[in-house]
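Everything below belongs to entry-v4.txt, which stores compact mmCIF, C-alpha atoms.
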```txt
# COMPACT_ATOMS: atom_id res chain seq x y z
CA MET A 1 126.83 7.83 119.39
CA THR A 2 129.72 8.44 121.75
CA THR A 3 129.45 8.87 125.48
CA LYS A 4 131.65 11.15 127.48
CA SER A 5 133.95 9.23 129.82
CA PRO A 6 134.13 10.35 133.46
CA ASP A 7 136.69 12.99 134.35
CA PRO A 8 139.78 11.18 135.73
CA MET A 9 140.22 13.82 138.43
CA LEU A 10 136.63 13.34 139.63
CA GLU A 11 137.16 9.58 139.74
CA LEU A 12 140.07 10.10 142.15
CA LEU A 13 138.14 12.66 144.19
CA SER A 14 135.01 10.60 144.79
CA ALA A 15 134.63 7.74 147.26
CA ASP A 16 131.96 5.06 147.57
CA GLY A 17 131.45 5.59 151.30
CA PRO A 18 133.15 6.36 154.59
CA ASP A 19 136.63 5.10 155.45
CA PRO A 20 135.77 1.86 157.30
CA ASP A 21 138.37 2.53 160.01
CA HIS A 22 136.47 5.66 161.11
CA ALA A 23 132.98 5.07 159.72
CA GLU A 24 131.08 5.81 162.93
CA ALA A 25 132.75 9.21 163.49
CA LEU A 26 132.46 10.09 159.80
CA MET A 27 128.69 9.73 159.93
CA LEU A 28 128.39 13.03 161.81
CA TYR A 29 128.31 14.69 158.37
CA GLY A 30 128.11 11.47 156.35
CA ARG A 31 124.42 11.13 157.20
CA LEU A 32 123.86 14.14 154.94
CA VAL A 33 125.23 12.37 151.84
CA GLY A 34 122.64 12.66 149.08
CA THR A 35 120.62 15.38 147.39
CA TRP A 36 118.47 17.88 149.27
CA ASN A 37 115.94 20.49 148.19
CA ILE A 38 116.38 23.70 150.14
CA SER A 39 114.44 26.80 150.98
CA ASN A 40 117.14 29.43 151.40
CA ARG A 41 116.56 32.68 153.28
CA TYR A 42 119.45 35.15 153.01
CA ARG A 43 120.02 38.67 154.34
CA PHE A 44 121.59 40.82 151.65
CA GLY A 45 123.83 43.84 152.19
CA GLU A 46 120.94 46.30 152.40
CA GLY A 47 119.51 44.29 155.32
CA GLN A 48 116.55 42.90 153.42
CA TRP A 49 115.77 39.20 153.50
CA ARG A 50 115.22 37.27 150.28
CA THR A 51 114.08 33.68 149.88
CA ALA A 52 114.77 31.27 147.03
CA ALA A 53 114.76 27.55 146.35
CA GLY A 54 117.95 25.62 145.75
CA GLU A 55 119.71 22.29 145.84
CA TRP A 56 122.38 20.94 148.16
CA ARG A 57 124.33 17.79 147.24
CA PHE A 58 126.62 15.99 149.68
CA GLY A 59 129.00 13.18 148.76
CA TRP A 60 131.98 11.15 149.95
CA ALA A 61 135.44 12.19 148.77
CA LEU A 62 139.18 11.55 149.23
CA GLY A 63 139.17 7.99 150.45
CA GLY A 64 135.99 8.43 152.45
CA ARG A 65 137.49 10.80 155.04
CA VAL A 66 135.92 13.87 153.47
CA VAL A 67 132.30 14.89 153.01
CA GLN A 68 132.09 17.46 150.23
CA ASP A 69 129.01 19.37 149.19
CA VAL A 70 127.91 21.66 146.41
CA LEU A 71 125.27 24.27 147.21
CA PHE A 72 123.37 25.72 144.28
CA CYS A 73 120.75 28.43 144.61
CA PRO A 74 120.21 29.87 141.12
CA ASP A 75 118.24 32.95 142.24
CA PHE A 76 121.17 34.18 144.37
CA HIS A 77 124.65 35.18 143.23
CA ASP A 78 124.28 34.88 139.46
CA ARG A 79 123.70 31.13 139.44
CA PHE A 80 127.21 30.17 140.60
CA PRO A 81 127.50 27.38 143.19
CA GLY A 82 129.80 27.08 146.17
CA THR A 83 131.40 24.05 147.79
CA THR A 84 132.34 22.94 151.29
CA VAL A 85 135.03 20.39 152.07
CA ARG A 86 134.68 18.78 155.51
CA MET A 87 137.68 16.65 156.49
CA TYR A 88 137.55 14.44 159.55
CA ASP A 89 140.80 14.81 161.51
CA VAL A 90 141.46 11.41 163.08
CA THR A 91 144.05 12.89 165.46
CA THR A 92 141.70 15.44 167.08
CA GLY A 93 138.24 14.00 166.36
CA LEU A 94 137.24 17.38 164.91
CA TRP A 95 136.32 18.38 161.38
CA GLN A 96 138.44 20.85 159.39
CA ILE A 97 136.06 22.74 157.12
CA THR A 98 136.54 25.07 154.16
CA TRP A 99 133.76 26.79 152.21
CA ILE A 100 134.49 28.56 148.92
CA SER A 101 132.41 30.34 146.35
CA PRO A 102 134.82 31.75 143.76
CA LYS A 103 132.30 33.96 141.94
CA LEU A 104 131.34 36.03 145.02
CA PRO A 105 134.20 35.59 146.15
CA SER A 106 133.57 34.04 149.56
CA TYR A 107 135.78 31.91 151.81
CA PHE A 108 135.31 30.48 155.31
CA ALA A 109 137.61 28.29 157.43
CA GLN A 110 135.92 26.52 160.34
CA VAL A 111 136.21 23.65 162.79
CA GLY A 112 133.17 21.39 163.21
CA ARG A 113 131.98 19.10 165.99
CA PRO A 114 128.79 17.57 167.38
CA ASP A 115 126.61 20.12 169.17
CA GLY A 116 125.48 17.71 171.93
CA ALA A 117 121.86 17.76 170.73
CA GLY A 118 122.12 15.60 167.60
CA GLY A 119 123.33 18.36 165.28
CA MET A 120 126.60 19.98 164.34
CA ILE A 121 128.27 23.30 165.07
CA GLN A 122 131.03 24.90 163.01
CA GLU A 123 133.02 27.92 164.13
CA GLY A 124 135.78 29.88 162.48
CA THR A 125 136.39 32.96 160.35
CA ASP A 126 135.57 34.38 156.95
CA ALA A 127 138.08 35.81 154.46
CA GLU A 128 138.19 39.15 156.33
CA GLY A 129 138.87 37.44 159.67
CA ARG A 130 135.36 37.96 161.09
CA ARG A 131 134.12 35.22 163.39
CA SER A 132 131.46 32.89 161.99
CA ARG A 133 129.24 30.12 163.30
CA TRP A 134 127.21 27.67 161.23
CA THR A 135 124.81 25.14 162.74
CA PHE A 136 122.94 22.05 161.55
CA THR A 137 119.94 21.38 163.81
CA ASP A 138 116.79 19.27 163.76
CA VAL A 139 118.73 16.68 161.75
CA THR A 140 116.64 13.66 160.72
CA PRO A 141 117.08 11.17 157.85
CA THR A 142 114.75 13.35 155.72
CA SER A 143 115.33 16.96 156.83
CA PHE A 144 117.53 19.44 158.65
CA ARG A 145 117.89 23.15 159.35
CA TRP A 146 121.11 25.06 158.68
CA GLN A 147 121.82 28.52 160.05
CA GLY A 148 124.72 30.87 159.36
CA PHE A 149 125.76 33.53 161.85
CA ASP A 150 128.41 36.23 161.75
CA ALA A 151 129.79 38.21 164.66
CA THR A 152 128.65 41.78 165.19
CA PRO A 153 131.12 44.43 166.39
CA ASP A 154 130.08 43.75 170.01
CA GLY A 155 130.91 40.05 169.58
CA GLU A 156 127.37 38.67 169.51
CA PHE A 157 126.36 36.36 166.68
CA GLU A 158 123.67 37.53 164.25
CA LEU A 159 121.76 35.34 161.80
CA PHE A 160 122.51 36.11 158.13
CA GLN A 161 121.24 32.95 156.39
CA GLU A 162 118.90 30.05 157.09
CA MET A 163 118.09 26.98 155.03
CA HIS A 164 115.52 24.25 155.52
CA ALA A 165 116.42 21.06 153.66
CA THR A 166 114.34 18.05 152.69
CA ARG A 167 115.87 14.93 151.18
CA ARG A 168 115.00 14.06 147.60
```
The structure given in the file should be rewritten as structure tokens.
Amino acid sequence: MTTKSPDPMLELLSADGPDPDHAEALMLYGRLVGTWNISNRYRFGEGQWRTAAGEWRFGWALGGRVVQDVLFCPDFHDRFPGTTVRMYDVTTGLWQITWISPKLPSYFAQVGRPDGAGGMIQEGTDAEGRRSRWTFTDVTPTSFRWQGFDATPDGEFELFQEMHATRR
């Protein structure tokens, strides 16, 4: 019996933990590293809300200065996952964040920071240039809540997605 060897690209991508020179700052998102079960509530184009279960995996990447995740919710979007790359910028102390889901297609560019209450806030734009805000709140070692907001024409943010996560 033969075993498949690891993909050389994935070996270079992954990291065992945070960059020790910036470990404390990297734990803002690093504390999410692991696998989470999610209950995902999403507002679809027709304005109706749907709920489905999913999985969210976070891991260290690129020398331990990146926290990358893969979000998989098989009942939404034809079973294709998306990924977020969160890079800690040591010069600004902020996080440069990119979300992509090629099948949809969907793309967001955001900047993340602590929210002052133990969570995280990310703000930026989607592929069409609309303002977006994503938040992680109620963060504990075993659970968190994530919410996604987009800007309405009058500039207010409106909830379009919410996930409750529990650590496996």
(Q) When you look at segment 35-52 of chain A with a cut-off of 10 Å (counting only C-alpha atoms), what residues show up, excluding the ones that are within fewer than 3 positions of it in the same chain? I need them as a ChimeraX atom specification. (A) /A:32,55-59,69-76,142-148,159-168
Q) Could you pull the residues within 12 Å of Gly129 of chain A, counting all atoms listed in the file, minus those fewer than 2 positions along the same chain, as a ChimeraX atom specification? A) /A:106-110,124-127,131-132,150-151
Q | Polymer residues at most 8 Å from segment 113-122 of chain A, all atoms listed in the file, same-chain spacing of 4 or more positions, as a PyMOL selection string | A | chain A and resi 28+94-95+133-139
Q. How many Å separate atom CA of Lys103 of chain A from atom CA of Phe80 of chain A?
A.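 Atom-to-atom, atom CA of Lys103 of chain A to atom CA of Phe80 of chain A, that is 6.5 Å.
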Q) Looking at A:Asp19, A:Glu11, A:Glu158, A:Glu123, which one is nearest to Arg65 of chain A, with distances taken over all atoms listed in the file? A)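 Among the listed residues, the smallest separation from Arg65 of chain A belongs to A:Asp19.
Of the listed residues A:Ala61, A:Ile100, A:Val85, A:Ala15, the one whose atoms come nearest to Gly112 of chain A is A:Val85, with distances taken using all atoms listed in the file.
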Q. What is the atom CA of Gln96 of chain A to atom CA of Pro6 of chain A distance in Å?
A. 28.3 Å
Q. Between A:Gly54, A:Glu128, A:Glu24, A:Arg31, which is the closest to Thr140 of chain A once you count all atoms listed in the file?
A.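 Among the listed residues, the smallest separation from Thr140 of chain A belongs to A:Arg31.
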Q: Go through A:Val111, A:Val90, A:Leu104, A:Ile97 one by one, measure the shortest atom-to-atom distance of each to Leu26 of chain A using all atoms listed in the file, and give the residue with the smallest value.
A: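 Nearest to Leu26 of chain A: A:Val90.
Taking atom CA of Gly64 of chain A and atom CA of Pro102 of chain A as the two end points, the separation is 24.9 Å.
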Q) Of the candidates A:Asp89, A:Gly63, A:Arg130, A:Pro105, which one gets nearest to Pro20 of chain A if we count only C-alpha atoms? A)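 Smallest distance to Pro20 of chain A is found for A:Gly63.
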